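Here is the file entry.cif (mmCIF, C-alpha atoms).
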data_my_file
loop_
_atom_site.label_atom_id
_atom_site.label_comp_id
_atom_site.auth_asym_id
_atom_site.auth_seq_id
_atom_site.Cartn_x
_atom_site.Cartn_y
_atom_site.Cartn_z
CA MET A 171 6.51 -15.42 16.17
CA GLY A 172 8.87 -14.87 13.24
CA LYS A 173 9.52 -11.59 11.55
CA VAL A 174 6.97 -10.61 8.91
CA VAL A 175 9.16 -7.97 7.27
CA LYS A 176 12.56 -8.78 5.77
CA VAL A 177 15.14 -6.05 5.18
CA GLU A 178 18.22 -6.23 2.98
CA ARG A 179 20.65 -3.47 2.08
CA VAL A 180 22.85 -3.56 -1.01
CA GLY A 181 24.95 -0.45 -1.43
CA GLN A 182 22.74 2.61 -1.15
CA VAL A 183 19.47 0.70 -1.66
CA VAL A 184 17.36 -0.96 1.03
CA THR A 185 14.82 -3.60 -0.02
CA ILE A 186 11.93 -4.23 2.36
CA GLN A 187 9.92 -7.41 1.79
CA LEU A 188 6.46 -8.02 3.26
CA ASN A 189 6.76 -11.59 4.51
CA ARG A 190 3.33 -13.08 5.23
CA PRO A 191 2.96 -15.10 2.02
CA GLU A 192 0.43 -17.49 3.55
CA SER A 193 -1.90 -14.49 4.01
CA LEU A 194 -0.95 -12.77 0.73
CA ASN A 195 1.03 -10.31 2.87
CA ALA A 196 -2.14 -8.95 4.44
CA ILE A 197 -1.54 -6.19 6.95
CA ASN A 198 -1.89 -7.01 10.63
CA LEU A 199 -0.54 -5.27 13.72
CA GLN A 200 2.83 -7.02 13.58
CA LEU A 201 3.40 -6.22 9.92
CA SER A 202 2.40 -2.58 10.50
CA GLU A 203 4.88 -2.23 13.33
CA GLU A 204 7.77 -4.00 11.58
CA LEU A 205 7.21 -2.14 8.30
CA GLY A 206 7.05 1.17 10.15
CA ALA A 207 10.30 0.38 11.92
CA ALA A 208 12.01 -0.57 8.64
CA ILE A 209 10.91 2.63 6.93
CA ALA A 210 12.05 4.73 9.90
CA ALA A 211 15.45 3.00 9.96
CA ALA A 212 15.94 3.61 6.24
CA GLY A 213 15.00 7.24 6.73
CA ARG A 214 17.57 7.71 9.49
CA ASP A 215 20.45 5.97 7.72
CA PRO A 216 22.53 8.56 5.82
CA GLU A 217 23.99 5.81 3.63
CA VAL A 218 20.57 4.82 2.26
CA ARG A 219 19.55 6.77 -0.83
CA ALA A 220 16.57 4.72 -2.09
CA VAL A 221 14.06 2.15 -0.80
CA ILE A 222 12.27 -0.72 -2.54
CA ILE A 223 9.14 -2.30 -1.06
CA THR A 224 7.93 -5.65 -2.40
CA GLY A 225 6.18 -8.83 -1.27
CA VAL A 226 7.21 -12.43 -0.72
CA GLY A 227 5.23 -15.03 -2.66
CA ARG A 228 2.42 -14.33 -5.08
CA ALA A 229 1.19 -11.05 -3.60
CA PHE A 230 2.47 -7.57 -3.00
CA CYS A 231 -0.17 -6.95 -0.33
CA ALA A 232 -3.79 -8.10 -0.26
CA GLY A 233 -4.84 -5.31 2.14
CA GLY A 234 -6.10 -5.70 5.67
CA ASP A 235 -6.24 -9.16 7.24
CA VAL A 236 -9.93 -10.02 6.87
CA LYS A 237 -9.60 -13.20 8.94
CA TYR A 238 -8.40 -11.00 11.80
CA PHE A 239 -11.40 -8.72 11.24
CA ALA A 240 -13.80 -11.68 11.42
CA ALA A 241 -12.19 -13.12 14.56
CA TRP A 242 -12.49 -9.84 16.47
CA GLU A 243 -15.04 -10.38 19.23
CA GLY A 244 -15.66 -6.77 20.23
CA PRO A 245 -17.34 -3.94 18.31
CA LYS A 246 -15.79 -3.57 14.88
CA PRO A 247 -15.37 0.23 15.18
CA GLU A 248 -13.02 -0.42 18.11
CA LEU A 249 -10.95 -2.75 15.92
CA PHE A 250 -10.64 -0.23 13.10
CA GLY A 251 -10.09 2.59 15.57
CA ALA A 252 -6.98 0.73 16.74
CA LEU A 253 -5.73 -0.48 13.35
CA ILE A 254 -6.19 2.52 11.10
CA PRO A 255 -3.86 4.92 12.96
CA LYS A 256 -1.03 2.42 12.47
CA LEU A 257 -1.73 2.21 8.74
CA ASN A 258 -1.99 6.00 8.56
CA ARG A 259 1.38 6.33 10.26
CA LEU A 260 2.88 4.04 7.60
CA ILE A 261 1.41 6.13 4.79
CA MET A 262 2.69 9.35 6.34
CA ASP A 263 6.13 7.81 6.86
CA LEU A 264 6.30 6.75 3.20
CA ARG A 265 5.36 10.23 2.02
CA GLN A 266 7.64 12.03 4.45
CA ILE A 267 10.79 9.89 4.18
CA PRO A 268 13.17 12.20 2.27
CA LYS A 269 14.25 9.43 -0.09
CA PRO A 270 12.65 7.89 -3.18
CA VAL A 271 10.53 4.80 -2.44
CA ILE A 272 9.80 2.30 -5.20
CA ALA A 273 7.00 -0.28 -5.01
CA ALA A 274 8.01 -3.47 -6.84
CA ILE A 275 4.55 -4.95 -7.24
CA ASN A 276 4.99 -8.70 -7.65
CA GLY A 277 1.37 -9.89 -7.56
CA VAL A 278 -2.01 -9.33 -5.92
CA THR A 279 -2.45 -5.73 -4.74
CA SER A 280 -5.75 -4.77 -3.20
CA GLY A 281 -7.37 -2.68 -0.47
CA ALA A 282 -4.79 -1.17 1.86
CA GLY A 283 -2.12 -2.85 -0.26
CA LEU A 284 -3.06 -0.55 -3.12
CA SER A 285 -3.02 2.41 -0.73
CA LEU A 286 0.47 1.36 0.37
CA ALA A 287 1.68 1.15 -3.23
CA MET A 288 0.16 4.53 -4.05
CA ALA A 289 2.03 6.14 -1.16
CA CYS A 290 5.32 5.16 -2.81
CA ASP A 291 6.99 7.50 -5.29
CA LEU A 292 7.35 5.08 -8.20
CA ARG A 293 5.58 1.82 -8.98
CA ILE A 294 6.82 -0.99 -11.21
CA ALA A 295 4.64 -4.08 -11.55
CA SER A 296 5.06 -7.62 -12.76
CA GLU A 297 3.08 -8.48 -15.88
CA GLY A 298 1.08 -10.92 -13.74
CA ALA A 299 0.12 -8.41 -11.04
CA LYS A 300 -3.56 -7.75 -10.36
CA PHE A 301 -5.04 -4.62 -8.80
CA LYS A 302 -8.36 -4.26 -6.98
CA GLN A 303 -9.86 -1.49 -4.88
CA ALA A 304 -11.70 -4.11 -2.73
CA TYR A 305 -13.00 -1.94 0.14
CA THR A 306 -16.49 -1.26 -1.14
CA SER A 307 -17.08 -4.88 -2.12
CA ILE A 308 -17.03 -5.86 1.55
CA GLY A 309 -19.01 -2.84 2.71
CA LEU A 310 -16.11 -0.63 3.80
CA THR A 311 -14.72 2.70 2.64
CA PRO A 312 -11.10 3.28 1.58
CA ASP A 313 -8.27 4.09 3.96
CA GLY A 314 -4.54 4.69 3.74
CA GLY A 315 -5.01 7.90 1.76
CA TRP A 316 -6.67 6.08 -1.17
CA THR A 317 -9.29 8.80 -1.66
CA LEU A 318 -6.57 11.42 -2.05
CA THR A 319 -3.78 9.66 -3.90
CA VAL A 320 -5.80 7.62 -6.40
CA PRO A 321 -8.04 10.44 -7.76
CA ARG A 322 -5.00 12.70 -8.03
CA GLN A 323 -3.16 9.99 -9.93
CA ILE A 324 -5.84 8.76 -12.35
CA GLY A 325 -8.63 11.38 -12.22
CA MET A 326 -12.02 11.48 -10.55
CA ALA A 327 -13.90 9.54 -13.21
CA LYS A 328 -11.59 6.52 -13.11
CA ALA A 329 -11.38 6.66 -9.31
CA ALA A 330 -15.18 6.61 -9.11
CA GLU A 331 -15.22 3.63 -11.48
CA LEU A 332 -12.86 1.74 -9.20
CA LEU A 333 -14.95 2.59 -6.13
CA LEU A 334 -18.37 1.84 -7.60
CA LEU A 335 -17.60 -1.14 -9.86
CA ASP A 336 -14.46 -2.51 -8.16
CA PRO A 337 -12.95 -4.17 -11.24
CA VAL A 338 -9.83 -6.31 -11.18
CA LEU A 339 -7.17 -4.52 -13.23
CA THR A 340 -4.31 -6.22 -15.01
CA ALA A 341 -0.86 -4.65 -14.90
CA GLY A 342 -1.40 -3.37 -18.42
CA GLU A 343 -4.68 -1.73 -17.44
CA ALA A 344 -3.10 -0.23 -14.32
CA LEU A 345 -0.36 1.23 -16.52
CA SER A 346 -2.83 2.70 -19.00
CA HIS A 347 -4.86 4.23 -16.13
CA GLY A 348 -1.70 5.79 -14.68
CA LEU A 349 -1.72 3.81 -11.43
CA ILE A 350 1.81 2.51 -12.10
CA ASN A 351 4.89 3.72 -13.95
CA GLN A 352 6.26 0.56 -15.56
CA VAL A 353 5.50 -3.10 -16.24
CA ALA A 354 8.17 -5.82 -16.26
CA PRO A 355 8.24 -9.57 -16.95
CA PRO A 356 7.97 -11.44 -13.63
CA GLU A 357 11.51 -12.78 -13.83
CA GLU A 358 12.89 -9.26 -14.38
CA LEU A 359 10.84 -7.34 -11.83
CA MET A 360 13.39 -7.12 -9.03
CA LYS A 361 16.28 -6.52 -11.43
CA ARG A 362 14.38 -3.63 -13.03
CA ALA A 363 13.33 -2.26 -9.63
CA SER A 364 16.95 -2.41 -8.42
CA GLN A 365 18.16 -0.62 -11.55
CA LEU A 366 15.55 2.06 -11.01
CA ALA A 367 16.55 2.41 -7.35
CA GLU A 368 20.23 2.64 -8.23
CA THR A 369 19.45 5.33 -10.78
CA VAL A 370 17.57 7.53 -8.31
CA ALA A 371 20.14 6.78 -5.59
CA SER A 372 22.84 8.27 -7.82
CA ARG A 373 20.98 11.56 -8.22
CA PRO A 374 21.18 14.64 -5.92
CA ALA A 375 19.70 13.60 -2.58
CA PHE A 376 18.83 17.10 -1.34
CA ALA A 377 17.03 18.02 -4.55
CA PHE A 378 15.03 14.79 -4.43
CA ALA A 379 14.08 15.30 -0.78
CA GLN A 380 12.90 18.84 -1.42
CA SER A 381 11.08 17.86 -4.60
CA LYS A 382 9.21 15.14 -2.73
CA ARG A 383 8.26 17.69 -0.05
CA LEU A 384 6.90 20.00 -2.77
CA LEU A 385 4.92 17.16 -4.36
CA ASN A 386 3.38 16.43 -0.95
CA LYS A 387 2.45 20.10 -0.63
CA ALA A 388 0.90 20.02 -4.10
CA LEU A 389 -1.60 17.40 -2.91
CA GLY A 390 -3.51 20.42 -1.62
CA PHE A 391 -5.94 19.26 1.06
CA GLY A 392 -3.52 17.71 3.53
CA LEU A 393 -2.87 13.99 3.63
CA ALA A 394 -3.14 13.95 7.43
CA GLU A 395 -6.63 15.47 7.30
CA GLN A 396 -7.74 13.03 4.59
CA LEU A 397 -6.40 10.07 6.54
CA GLU A 398 -8.39 11.17 9.59
CA ALA A 399 -11.55 11.58 7.51
CA GLU A 400 -11.04 8.08 6.09
CA ARG A 401 -10.52 6.66 9.59
CA GLU A 402 -13.85 8.09 10.75
CA SER A 403 -15.61 6.79 7.64
CA ILE A 404 -14.27 3.23 7.79
CA MET A 405 -15.12 2.99 11.51
CA ALA A 406 -18.71 3.96 10.71
CA ALA A 407 -18.87 1.52 7.77
CA SER A 408 -17.53 -1.31 9.93
CA ASP A 409 -20.55 -0.90 12.22
CA THR A 410 -23.07 -1.78 9.49
CA SER A 411 -24.83 -5.04 8.69
CA ASP A 412 -23.60 -4.72 5.10
CA PHE A 413 -20.02 -5.12 6.28
CA GLU A 414 -20.81 -8.08 8.54
CA ASP A 415 -22.79 -9.84 5.81
CA ARG A 416 -20.23 -9.22 3.07
CA LEU A 417 -17.31 -10.17 5.31
CA SER A 418 -19.00 -13.49 6.12
CA ALA A 419 -19.75 -14.08 2.45
CA PHE A 420 -16.18 -13.25 1.45
CA LEU A 421 -14.70 -15.66 3.96
CA GLY A 422 -17.23 -18.29 3.00
CA ASN A 423 -16.17 -18.02 -0.63
CA LYS A 424 -12.48 -18.17 0.32
CA ASN A 425 -13.07 -21.33 2.35
CA SER A 426 -15.27 -23.10 -0.20
#

With the file now loaded, output its structure as structure tokens.
Amino acid sequence: MGKVVKVERVGQVVTIQLNRPESLNAINLQLSEELGAAIAAAGRDPEVRAVIITGVGRAFCAGGDVKYFAAWEGPKPELFGALIPKLNRLIMDLRQIPKPVIAAINGVTSGAGLSLAMACDLRIASEGAKFKQAYTSIGLTPDGGWTLTVPRQIGMAKAAELLLLDPVLTAGEALSHGLINQVAPPEELMKRASQLAETVASRPAFAFAQSKRLLNKALGFGLAEQLEAERESIMAASDTSDFEDRLSAFLGNKNS
């Protein structure tokens, strides 16, 4: 099986690409492990001063791999009980790496993909990117720190709107809501992300590391505790008929 995460370093900037374009870069066990390893390596390397995360193809990350969910033959809570800790570790690693992390959002971003983007420090999106909460539409509850990072970023009212109505947001709407920092033409996305990364890489590393630690502290109720609460909730939701029915309907629509 080929690698599903590609890593390239140019100067002080490491670019990590999610490389499952045929699945819209959906997260599976292999991607979780390779992405975690890439983040850890960037964190350990004293020559790396900034990290960019992006996707190959037409998606940044479409969330969890729903085809993998459907193919699971055992109880669904066991599946999510095994998967969610790996996602949670990724989110914690992104928040705790003492270097700025930039999400270069090149396309579809939904479910755990949105959680992944929100765990980054800065987010720049292509004009064609689309954003969707996605969890509740298939009978699940959010994970990856969504219920902490998104309300803190855009406010409770907008977060509730995303959870209850699950709209598809354009890049412009995501910018106006405060989900992202910048929007770029598709052909300029990676150039703009690289310029942003080079800018932060040139700034005082210790001050940035400590400032990021303080921002994490300012989240108040700890991220680790919220991630555990989300894990328990999504396991319970995965054991409902609503999830099974909506998962089947979703896959049926995708295959029609």

Checklist entry - Written as a ChimeraX atom specification, which residues does the PyMOL selection byres ((chain A and resi 293) around 9) give for the file shown? => result /A:271-275,287-288,290-292,294-295,349-353,363

Please save C-alpha atoms of the selected residues as a compact mmCIF listing (two decimals), in the coordinates of the input.
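out.txt, written as the output of this step:
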# COMPACT_ATOMS: atom_id res chain seq x y z
CA VAL A 271 10.53 4.80 -2.44
CA ILE A 272 9.80 2.30 -5.20
CA ALA A 273 7.00 -0.28 -5.01
CA ALA A 274 8.01 -3.47 -6.84
CA ILE A 275 4.55 -4.95 -7.24
CA ALA A 287 1.68 1.15 -3.23
CA MET A 288 0.16 4.53 -4.05
CA CYS A 290 5.32 5.16 -2.81
CA ASP A 291 6.99 7.50 -5.29
CA LEU A 292 7.35 5.08 -8.20
CA ILE A 294 6.82 -0.99 -11.21
CA ALA A 295 4.64 -4.08 -11.55
CA LEU A 349 -1.72 3.81 -11.43
CA ILE A 350 1.81 2.51 -12.10
CA ASN A 351 4.89 3.72 -13.95
CA GLN A 352 6.26 0.56 -15.56
CA VAL A 353 5.50 -3.10 -16.24
CA ALA A 363 13.33 -2.26 -9.63

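Distances from A:Ser202, A:Thr369, A:Gln323, A:Ser346 to Arg219 (chain A) were compared using only C-alpha atoms, and the smallest one belongs to A:Thr369.
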
Checklist entry - Contacts of Leu334 (chain A) at 12 Å or less, counting all atoms listed in the file, minus same-chain residues fewer than 2 places along, as number ranges by chain? => result A: 302-307, 309-312, 326-332, 336-337

Include C-alpha atoms and write out the residues we just selected as a PDB file, in the frame of the given file.
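Heads up, here's the output in part27.pdb:
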ATOM      1  CA  LYS A 302      -8.360  -4.260  -6.980  1.00  0.00           C
ATOM      2  CA  GLN A 303      -9.860  -1.490  -4.880  1.00  0.00           C
ATOM      3  CA  ALA A 304     -11.700  -4.110  -2.730  1.00  0.00           C
ATOM      4  CA  TYR A 305     -13.000  -1.940   0.140  1.00  0.00           C
ATOM      5  CA  THR A 306     -16.490  -1.260  -1.140  1.00  0.00           C
ATOM      6  CA  SER A 307     -17.080  -4.880  -2.120  1.00  0.00           C
ATOM      7  CA  GLY A 309     -19.010  -2.840   2.710  1.00  0.00           C
ATOM      8  CA  LEU A 310     -16.110  -0.630   3.800  1.00  0.00           C
ATOM      9  CA  THR A 311     -14.720   2.700   2.640  1.00  0.00           C
ATOM     10  CA  PRO A 312     -11.100   3.280   1.580  1.00  0.00           C
ATOM     11  CA  MET A 326     -12.020  11.480 -10.550  1.00  0.00           C
ATOM     12  CA  ALA A 327     -13.900   9.540 -13.210  1.00  0.00           C
ATOM     13  CA  LYS A 328     -11.590   6.520 -13.110  1.00  0.00           C
ATOM     14  CA  ALA A 329     -11.380   6.660  -9.310  1.00  0.00           C
ATOM     15  CA  ALA A 330     -15.180   6.610  -9.110  1.00  0.00           C
ATOM     16  CA  GLU A 331     -15.220   3.630 -11.480  1.00  0.00           C
ATOM     17  CA  LEU A 332     -12.860   1.740  -9.200  1.00  0.00           C
ATOM     18  CA  ASP A 336     -14.460  -2.510  -8.160  1.00  0.00           C
ATOM     19  CA  PRO A 337     -12.950  -4.170 -11.240  1.00  0.00           C
TER      20      PRO A 337
END

Checklist entry - Mind pulling up the distance from CA of Pro191 (chain A) to CA of Ser418 (chain A)? => result 22.4 Å

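With all atoms listed in the file as the atoms that count, the minimum distance from Lys237 (chain A) to the choices A:Ala252, A:Ala196, A:Val221, A:Leu286 is reached by A:Ala196.
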
Next on the checklist: I'd like to see the residues matched by the PyMOL selection byres ((chain A and resi 186) around 6) on this file, and ideally I'd get them as a count of residues only.
Outcome noted: 5

Next on the checklist: Can you measure CA of Leu393 (chain A) to CA of Leu264 (chain A) for me? One decimal in Å is fine.
Outcome noted: 11.7 Å

Item to check | Using only C-alpha atoms: which of A:Arg214, A:Lys173, A:Arg228, A:Lys246 has the shortest distance to Ala406 (chain A) | outcome: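 Of A:Arg214, A:Lys173, A:Arg228, A:Lys246, the one nearest Ala406 (chain A) is A:Lys246, counting only C-alpha atoms.
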
Next on the checklist: Could you list, as number ranges by chain, every residue matched by the PyMOL selection byres ((chain A and resi 263) around 10) in this structure?
Outcome noted: A: 206-207, 209-210, 213, 257-262, 264-268, 289

Residue completion, region 365-386 of chain A, N, CA and C atoms, as a PDB file, in the coordinates of the input:
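Okay, this is what ended up in rebuild06.pdb:
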ATOM      1  N   GLN A 365      17.553  -1.575 -10.627  1.00  0.00           N
ATOM      2  CA  GLN A 365      18.160  -0.620 -11.550  1.00  0.00           C
ATOM      3  C   GLN A 365      17.543   0.766 -11.383  1.00  0.00           C
ATOM      4  N   LEU A 366      16.233   0.797 -11.219  1.00  0.00           N
ATOM      5  CA  LEU A 366      15.550   2.060 -11.010  1.00  0.00           C
ATOM      6  C   LEU A 366      16.002   2.702  -9.703  1.00  0.00           C
ATOM      7  N   ALA A 367      16.109   1.891  -8.653  1.00  0.00           N
ATOM      8  CA  ALA A 367      16.550   2.410  -7.350  1.00  0.00           C
ATOM      9  C   ALA A 367      17.981   2.921  -7.417  1.00  0.00           C
ATOM     10  N   GLU A 368      18.844   2.189  -8.115  1.00  0.00           N
ATOM     11  CA  GLU A 368      20.230   2.640  -8.230  1.00  0.00           C
ATOM     12  C   GLU A 368      20.331   3.938  -9.021  1.00  0.00           C
ATOM     13  N   THR A 369      19.459   4.092 -10.005  1.00  0.00           N
ATOM     14  CA  THR A 369      19.450   5.330 -10.780  1.00  0.00           C
ATOM     15  C   THR A 369      19.077   6.523  -9.902  1.00  0.00           C
ATOM     16  N   VAL A 370      17.982   6.393  -9.142  1.00  0.00           N
ATOM     17  CA  VAL A 370      17.570   7.530  -8.310  1.00  0.00           C
ATOM     18  C   VAL A 370      18.535   7.735  -7.145  1.00  0.00           C
ATOM     19  N   ALA A 371      19.174   6.655  -6.686  1.00  0.00           N
ATOM     20  CA  ALA A 371      20.140   6.780  -5.590  1.00  0.00           C
ATOM     21  C   ALA A 371      21.374   7.567  -6.016  1.00  0.00           C
ATOM     22  N   SER A 372      21.649   7.571  -7.311  1.00  0.00           N
ATOM     23  CA  SER A 372      22.840   8.270  -7.820  1.00  0.00           C
ATOM     24  C   SER A 372      22.584   9.748  -8.067  1.00  0.00           C
ATOM     25  N   ARG A 373      21.342  10.177  -7.947  1.00  0.00           N
ATOM     26  CA  ARG A 373      20.980  11.560  -8.220  1.00  0.00           C
ATOM     27  C   ARG A 373      21.098  12.420  -6.957  1.00  0.00           C
ATOM     28  N   PRO A 374      20.993  13.751  -7.073  1.00  0.00           N
ATOM     29  CA  PRO A 374      21.180  14.640  -5.920  1.00  0.00           C
ATOM     30  C   PRO A 374      20.144  14.411  -4.818  1.00  0.00           C
ATOM     31  N   ALA A 375      20.601  13.983  -3.670  1.00  0.00           N
ATOM     32  CA  ALA A 375      19.700  13.600  -2.580  1.00  0.00           C
ATOM     33  C   ALA A 375      18.890  14.786  -2.056  1.00  0.00           C
ATOM     34  N   PHE A 376      19.536  15.939  -1.884  1.00  0.00           N
ATOM     35  CA  PHE A 376      18.830  17.100  -1.340  1.00  0.00           C
ATOM     36  C   PHE A 376      17.726  17.546  -2.289  1.00  0.00           C
ATOM     37  N   ALA A 377      18.029  17.599  -3.562  1.00  0.00           N
ATOM     38  CA  ALA A 377      17.030  18.020  -4.550  1.00  0.00           C
ATOM     39  C   ALA A 377      15.843  17.066  -4.558  1.00  0.00           C
ATOM     40  N   PHE A 378      16.119  15.756  -4.449  1.00  0.00           N
ATOM     41  CA  PHE A 378      15.030  14.790  -4.430  1.00  0.00           C
ATOM     42  C   PHE A 378      14.175  14.949  -3.179  1.00  0.00           C
ATOM     43  N   ALA A 379      14.820  15.142  -2.036  1.00  0.00           N
ATOM     44  CA  ALA A 379      14.080  15.300  -0.780  1.00  0.00           C
ATOM     45  C   ALA A 379      13.172  16.516  -0.833  1.00  0.00           C
ATOM     46  N   GLN A 380      13.697  17.619  -1.339  1.00  0.00           N
ATOM     47  CA  GLN A 380      12.900  18.840  -1.420  1.00  0.00           C
ATOM     48  C   GLN A 380      11.800  18.723  -2.474  1.00  0.00           C
ATOM     49  N   SER A 381      12.097  18.055  -3.563  1.00  0.00           N
ATOM     50  CA  SER A 381      11.080  17.860  -4.600  1.00  0.00           C
ATOM     51  C   SER A 381       9.928  17.004  -4.093  1.00  0.00           C
ATOM     52  N   LYS A 382      10.258  15.982  -3.302  1.00  0.00           N
ATOM     53  CA  LYS A 382       9.210  15.140  -2.730  1.00  0.00           C
ATOM     54  C   LYS A 382       8.358  15.948  -1.757  1.00  0.00           C
ATOM     55  N   ARG A 383       9.003  16.820  -0.966  1.00  0.00           N
ATOM     56  CA  ARG A 383       8.260  17.690  -0.050  1.00  0.00           C
ATOM     57  C   ARG A 383       7.298  18.592  -0.830  1.00  0.00           C
ATOM     58  N   LEU A 384       7.746  19.119  -1.959  1.00  0.00           N
ATOM     59  CA  LEU A 384       6.900  20.000  -2.770  1.00  0.00           C
ATOM     60  C   LEU A 384       5.738  19.221  -3.394  1.00  0.00           C
ATOM     61  N   LEU A 385       6.008  17.990  -3.821  1.00  0.00           N
ATOM     62  CA  LEU A 385       4.920  17.160  -4.360  1.00  0.00           C
ATOM     63  C   LEU A 385       3.866  16.896  -3.280  1.00  0.00           C
ATOM     64  N   ASN A 386       4.323  16.620  -2.054  1.00  0.00           N
ATOM     65  CA  ASN A 386       3.380  16.430  -0.950  1.00  0.00           C
ATOM     66  C   ASN A 386       2.537  17.677  -0.744  1.00  0.00           C
TER      67      ASN A 386
END
